[in-house]
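*Asks:* One structure follows; several queries about it will come next.
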Amino acid sequence: MAENINVKKMLGARIQGIRKSLKLTQEQLAERIGMEPQNVSMIETGRNYPTPENLAKIAQTLGVDVFELFIFGEQKSLAAMRKFIISEVNRSSKTTKILFNFCRSINQA
């Protein structure tokens with residue numbers, strides 16, 4: 001049971017963190033997903049789980065995939081991740097660079 005509560009709190013904190021990074025208030029998020037602000041508060045404080053439908057709406061409104069709401073722990077910015085990946089590719093072999101360029105070209109298609 002304690003593990004369940006911990007997941008609720010971590011999920012709520014993750015939703016709150018993404019919401020705040022987008023400079024959205026609880027009221028704005030609630031309005032966009034068709035929920036009462038106090039329900040958003042209860043989710044963010046780990047007192048309630050969102051329904052699967054509301055979880056999907058929350059993720060869409062926050063601009064993330066649902067699974068990203070369950071990524072707990074240290075989060076790095078996209079710029080920091082790009083910088084790290086580019087530095088690793090530049091240090092690596094020719095094969096790695098070819099593979100990186102191939103993946104990038106597929107992603108742009």
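Convention: chains lettered A, B, ... in structure tokens order; per-chain residue numbering from 1; ligands numbered from 1 as shown.
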Mind checking which residues fall within 9 Å of region 12-28 of chain A, counting only C-alpha atoms, ignoring those fewer than 2 positions away in the same chain, and posting them as JSON, numbers by chain?

*Replies:* {"A": [7, 8, 9, 10, 30, 31, 32, 33, 35, 36, 37, 38, 40, 41, 42, 43, 44, 45, 46, 47, 48, 49, 58, 59, 62, 68, 69, 70, 71, 72]}

*Asks:* May I ask for the distance between CA of Asn6 (chain A) and CA of Pro52 (chain A), given in Å to one decimal place?

*Replies:*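 Taking CA of Asn6 (chain A) as the start and CA of Pro52 (chain A) as the end point, the length is 18.5 Å.
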
*Asks:* Name the closest residue to Leu55 (chain A) among the candidates A:Phe67, A:Gly73, A:Ser93, A:Asn101; distances are taken between atoms, counting only C-alpha atoms.

*Replies:* A:Phe67

*Asks:* Just to confirm, what's the straight-line distance from CA of Asn54 (chain A) to CA of Leu29 (chain A) in Å (one decimal)?

*Replies:*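 Spanning CA of Asn54 (chain A) to CA of Leu29 (chain A) is a straight-line distance of 11.2 Å.
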
*Asks:* For the atom pair CA of Cys103 (chain A) and CA of Ile86 (chain A), what is the interatomic distance in Å to one decimal place?

*Replies:*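 These two atoms are separated by 13.0 Å.
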
*Asks:* When DSSP works through the backbone of this structure, what residues of region 8-108 of chain A end up as alpha helix (DSSP H), shown as a ChimeraX atom specification?

*Replies:* /A:8-21,26-33,37-44,52-62,78-91,94-108
